[in-house]
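Asker: Shown below is the structure under consideration.
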Amino acid sequence: MSEPGENPAMSRPRRKRKSNALLILAAGMFLFGVAAGTLYYVLRPVTLRIAVGPPGSDDQKLVQAMAQTFAYDASTVRLSPITTEGATDSIALLAAAKTDLAVVRADLNLPANAQSVAILRKNVVVLWAPSGRPPKGARKPASRIKGIDDLAGHRVGVIGRTEANVILLRVILTESGVNPDKVAVTQYATNQIAELARDPTLDAYMTVGPLDSKITADAIAATAASRGEPKFLPIDVSEAIAHKHPLYESDEIAGSIFSSSPARPEDKVETVSVNHLIVAPKSLSETTVAAFARQLFTARRQLAREVPSAAKIEKPDTDKDAALPAHAGAAAYIDGNERTFLEKYTDYIWGAILVLSGLGSAGAWLRHYWKRDEREQYTVHRDNLLDLIAKAREAETPEQLTGMQREADGVLREALDCYDDGAIEEGDLSVIGLTLEQFHHAIADRRAALGTVAASGMTRVRAG
């Protein structure tokens, strides 16, 4: 309802203005909510699932330490470990897209889209043969097997149930000129070192792991105690293997690394190594992987205080022709080619600006369309104001002039409201101002004229 004495036609635009104000407020709150939600989505921590195993292994301890460190530091990338029975199961989860990262060995059957993010360590092949008697006195024991080419017709005990170890042994034998089919293989679990040391059918032993591996050191010590001091077998064709099989690398075992008294080995031994990695699918966000790599290498020293094996973490090969290519995000961080936010999203930002510009133009047109009634009302009031000027010049009483002034005040109020709503421009308001100025001049002239007429009439009355 309109207020008493208020023109109903004038109250309708006012109610409409209130509705428009509420609409603008609602739209502003909506846009603020969208902006806040977008900001939260962009800045929220990203949690990556990482598959690692077996339970209780050094790999699992390292990943758990990484997850705790990232959470404590409130890093942008967090880790959610998934414990598996080993690298093979971790690869299966990666292939099924049930994990974002996986700790694996480079020579396993990786998915085609797997790419390296970080090298956790190098797994080194250690081959040795027993001498046949325990070390007593200064006399050096003699081993029946002095090199890899002597393994034909013998049996090798391989520690680790993974098929990758057997495949690697066959590669070594083949490149060394030994028919792999003439070498028998028996595999033992990592917790079966005692059984391996007691097995009299074994003529040589093989492990694949880090040089400071307790499993390797325990296996060497156990076989030395039961079968005599080890004769370490060099892989003289390590460079040829690395050339033909890029996933493997030529490496060395330093002297006395497994024991200093007695020295095991007595001198450096040529061998082959394979990387133990964190891998990610190629489809994983480049920005996310770069952030994870940055966090990992930044926290490496801190992690090494909790898990010493963290000190071995290395950056992957970023060459495009690498056997296992580095993920684009990790490569960008390592090579210092990370793009800034603006560099990554410049095209999107300009596109958004163009879209917003178009939306702004469309919004201006829609606003002009929605407010067409107010513009029409303004036009009517402007014309009425022009009519008032003509009427003011013909008014016969001061009361009529006062009524016209009240009507003009209403027109001015409506014009200002239309200007506040954006229905009319500043030029339209100037027109109203000019018209009002002429109206007030007309009122003043007519009041003066009416005053003169009244004074003349009074004079005639007195004279009569």
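Going through the structure tokens in order, the chains are called A, B, and so on, while each chain numbers its residues from 1 and the ligands are numbered from 1 in the order shown.
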Write out as a count of residues only the residues lying within 8 Å of stretch 54-56 of chain A, counting only C-alpha atoms and excluding same-chain residues fewer than 6 positions away.
Answerer: 5
Asker: Name the residues of stretch 188-245 of chain A that fall into alpha helix (DSSP H) according to DSSP on the backbone, using the chain letters and numbers of this document, as a CSV table (one decimal) with N, CA and C atoms, in the first residue's frame.
Answerer:
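Final file, out_16.csv:
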chain,number,residue,atom,x,y,z
A,193,ILE,N,66.7,-66.3,5.5
A,193,ILE,CA,68.2,-66.3,5.3
A,193,ILE,C,68.8,-67.5,5.9
A,194,ALA,N,68.3,-67.9,7.1
A,194,ALA,CA,68.9,-69.1,7.8
A,194,ALA,C,68.8,-70.3,6.9
A,195,GLU,N,67.6,-70.5,6.3
A,195,GLU,CA,67.4,-71.7,5.4
A,195,GLU,C,68.3,-71.6,4.2
A,196,LEU,N,68.5,-70.4,3.6
A,196,LEU,CA,69.4,-70.2,2.5
A,196,LEU,C,70.8,-70.6,2.9
A,197,ALA,N,71.3,-70.2,4.0
A,197,ALA,CA,72.6,-70.5,4.4
A,197,ALA,C,72.8,-72.0,4.7
A,198,ARG,N,71.8,-72.7,5.1
A,198,ARG,CA,72.0,-74.1,5.4
A,198,ARG,C,71.8,-75.0,4.2
A,214,LYS,N,70.3,-54.4,5.5
A,214,LYS,CA,70.6,-55.4,6.6
A,214,LYS,C,70.4,-56.8,6.1
A,215,ILE,N,69.5,-57.0,5.1
A,215,ILE,CA,69.2,-58.3,4.6
A,215,ILE,C,70.4,-58.8,3.9
A,216,THR,N,71.0,-58.0,3.0
A,216,THR,CA,72.2,-58.4,2.3
A,216,THR,C,73.4,-58.7,3.3
A,217,ALA,N,73.6,-57.8,4.2
A,217,ALA,CA,74.7,-58.0,5.2
A,217,ALA,C,74.5,-59.3,6.0
A,218,ASP,N,73.2,-59.5,6.4
A,218,ASP,CA,73.0,-60.8,7.2
A,218,ASP,C,73.1,-62.0,6.4
A,219,ALA,N,72.7,-62.0,5.1
A,219,ALA,CA,72.9,-63.1,4.2
A,219,ALA,C,74.4,-63.4,4.0
A,220,ILE,N,75.2,-62.4,3.8
A,220,ILE,CA,76.6,-62.6,3.6
A,220,ILE,C,77.2,-63.2,4.8
A,221,ALA,N,76.9,-62.7,6.0
A,221,ALA,CA,77.4,-63.2,7.3
A,221,ALA,C,77.0,-64.6,7.5
A,222,ALA,N,75.7,-64.9,7.2
A,222,ALA,CA,75.2,-66.3,7.5
A,222,ALA,C,75.9,-67.3,6.6
A,223,THR,N,76.0,-67.0,5.3
A,223,THR,CA,76.7,-68.0,4.4
A,223,THR,C,78.2,-68.1,4.7
A,224,ALA,N,78.8,-67.0,5.2
A,224,ALA,CA,80.2,-67.1,5.5
A,224,ALA,C,80.4,-68.0,6.7
A,225,ALA,N,79.5,-67.9,7.7
A,225,ALA,CA,79.6,-68.8,8.9
A,225,ALA,C,79.4,-70.2,8.6
A,226,SER,N,78.5,-70.6,7.6
A,226,SER,CA,78.2,-72.0,7.4
A,226,SER,C,79.0,-72.6,6.2
A,227,ARG,N,79.3,-71.7,5.2
A,227,ARG,CA,79.9,-72.2,4.0
A,227,ARG,C,81.3,-71.6,3.7
A,238,SER,N,78.8,-55.0,-17.0
A,238,SER,CA,77.7,-54.1,-16.5
A,238,SER,C,77.4,-52.9,-17.5
A,239,GLU,N,78.5,-52.4,-18.1
A,239,GLU,CA,78.2,-51.3,-19.0
A,239,GLU,C,77.4,-51.7,-20.3
A,240,ALA,N,77.8,-52.9,-20.7
A,240,ALA,CA,77.0,-53.5,-21.9
A,240,ALA,C,75.6,-53.7,-21.5
A,241,ILE,N,75.3,-54.2,-20.3
A,241,ILE,CA,73.9,-54.4,-19.8
A,241,ILE,C,73.2,-53.1,-19.7
A,242,ALA,N,73.9,-52.0,-19.2
A,242,ALA,CA,73.2,-50.7,-19.1
A,242,ALA,C,72.9,-50.2,-20.5
A,243,HIS,N,73.8,-50.4,-21.4
A,243,HIS,CA,73.6,-49.9,-22.8
A,243,HIS,C,72.4,-50.6,-23.5
A,244,LYS,N,72.3,-51.9,-23.3
A,244,LYS,CA,71.2,-52.7,-23.9
A,244,LYS,C,69.9,-52.6,-23.2
Asker: With only C-alpha atoms as the counted atoms, please give the residues lying no more than 9 Å from A:Leu412, apart from itself and same-chain residues fewer than 5 positions off, as an NGL selection string.
Answerer: :A and (381 or 407 or 417 or 432-433 or 436)
Asker: Keeping only N, CA and C atoms, write the selected residues to a file as a PDB file, in the first residue's frame.
Answerer:
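Written file, again34.pdb:
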ATOM      1  N   HIS A 381       7.399  12.017 -16.757  1.00  0.00           N
ATOM      2  CA  HIS A 381       7.560  13.099 -15.786  1.00  0.00           C
ATOM      3  C   HIS A 381       8.260  14.299 -16.406  1.00  0.00           C
ATOM      4  N   GLU A 407       4.135  19.265  -7.225  1.00  0.00           N
ATOM      5  CA  GLU A 407       4.190  18.267  -8.303  1.00  0.00           C
ATOM      6  C   GLU A 407       5.587  18.211  -8.917  1.00  0.00           C
ATOM      7  N   ASP A 417      15.653   9.094  -8.147  1.00  0.00           N
ATOM      8  CA  ASP A 417      15.556   7.651  -7.905  1.00  0.00           C
ATOM      9  C   ASP A 417      15.930   6.859  -9.160  1.00  0.00           C
ATOM     10  N   ILE A 432      16.687  17.279 -16.674  1.00  0.00           N
ATOM     11  CA  ILE A 432      15.691  17.555 -15.648  1.00  0.00           C
ATOM     12  C   ILE A 432      16.062  18.828 -14.878  1.00  0.00           C
ATOM     13  N   GLY A 433      17.342  18.964 -14.559  1.00  0.00           N
ATOM     14  CA  GLY A 433      17.786  20.155 -13.835  1.00  0.00           C
ATOM     15  C   GLY A 433      17.526  21.426 -14.622  1.00  0.00           C
ATOM     16  N   LEU A 436      13.814  22.090 -14.595  1.00  0.00           N
ATOM     17  CA  LEU A 436      13.373  22.617 -13.303  1.00  0.00           C
ATOM     18  C   LEU A 436      13.767  24.080 -13.135  1.00  0.00           C
TER      19      LEU A 436
END
Asker: Leaving out stretch 88-104 of chain A and any residue of its chain fewer than 5 positions from it, which residues lie within 7 Å of it when counting only C-alpha atoms, given as a VMD selection string?
Answerer: chain A and resid 48 to 52 110 to 111 276 to 280
Asker: Just to confirm, what's the straight-line distance from atom CA of A:Ile389 to atom CA of A:Phe439 in Å (one decimal)?
Answerer: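 For atom CA of A:Ile389 relative to atom CA of A:Phe439, the distance reads 5.0 Å.
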Asker: Could you check which of A:Asp420, A:Asn337, A:Ala26, A:Ser75 is closest to A:Gln295, using only C-alpha atoms?
Answerer: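 Of A:Asp420, A:Asn337, A:Ala26, A:Ser75, the one nearest A:Gln295 is A:Ser75, counting only C-alpha atoms.
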Asker: What is the atom CA of A:Gln187-atom CA of A:Ile82 distance in Å, reported with one decimal?
Answerer: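 One can read the atom CA of A:Gln187 to atom CA of A:Ile82 distance as 26.8 Å.
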Asker: Would you mind telling me which residue in A:Asn123, A:Gln302, A:Ser357, A:Gln115 lies nearest to A:Ser250 when using only C-alpha atoms?
Answerer: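 The closest residue to A:Ser250 is A:Asn123.
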Asker: Could you please write out, as a list in words, every residue of stretch 193-274 of chain A that DSSP assigns to strand (DSSP E or B)?
Answerer: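 For stretch 193-274 of chain A, the strand (DSSP E or B) set is Ala204, Tyr205, Met206, Thr207, Val208, Gly209, Pro230, Lys231, Phe232, Tyr248, Glu249, Ser250, Asp251, Glu252, Ile253, Ser259, Ser260, Ala263, Arg264, Val269, Glu270, Thr271, Val272, Ser273 and Val274 of chain A.
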Asker: Could you please take those selected residues and save C-alpha atoms as a short mmCIF file (atom, residue, chain, number, x, y, z; two decimals), in the first residue's frame?
Answerer:
data_model
loop_
_atom_site.label_atom_id
_atom_site.label_comp_id
_atom_site.auth_asym_id
_atom_site.auth_seq_id
_atom_site.Cartn_x
_atom_site.Cartn_y
_atom_site.Cartn_z
CA ALA A 204 76.13 -69.04 -5.27
CA TYR A 205 73.89 -66.35 -3.85
CA MET A 206 72.31 -63.16 -5.11
CA THR A 207 70.57 -60.20 -3.49
CA VAL A 208 69.17 -57.01 -5.01
CA GLY A 209 68.90 -54.11 -2.59
CA PRO A 230 82.38 -65.18 0.22
CA LYS A 231 83.94 -64.74 -3.19
CA PHE A 232 82.21 -61.71 -4.72
CA TYR A 248 69.73 -50.94 -15.43
CA GLU A 249 72.87 -48.96 -14.62
CA SER A 250 76.53 -49.84 -14.30
CA ASP A 251 77.64 -49.48 -10.68
CA GLU A 252 80.31 -50.46 -8.14
CA ILE A 253 80.37 -52.09 -4.73
CA SER A 259 82.37 -55.80 6.73
CA SER A 260 85.74 -54.31 7.53
CA ALA A 263 87.05 -57.07 4.49
CA ARG A 264 83.93 -57.93 2.49
CA VAL A 269 83.44 -54.94 -7.39
CA GLU A 270 81.74 -54.02 -10.67
CA THR A 271 78.02 -54.65 -10.64
CA VAL A 272 74.59 -53.54 -11.91
CA SER A 273 71.98 -51.41 -10.14
CA VAL A 274 68.31 -50.61 -10.68
#
Asker: One decimal, in Å: what's the spacing between atom CA of A:Glu266 and atom CA of A:Ile145?
Answerer: 16.7 Å
Asker: So that I can check the surroundings of A:Arg155, please list as a list in words every protein, DNA and RNA residue that reaches within 9 Å of it, counting only C-alpha atoms and ignoring chain neighbours fewer than 3 positions away.
Answerer: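 After dropping sequence-adjacent residues, the list is Leu151, Ala152, Val183, Ala184, Val185, Thr186, Thr201, Leu202, Asp203, Ala204 and Tyr205 of chain A.
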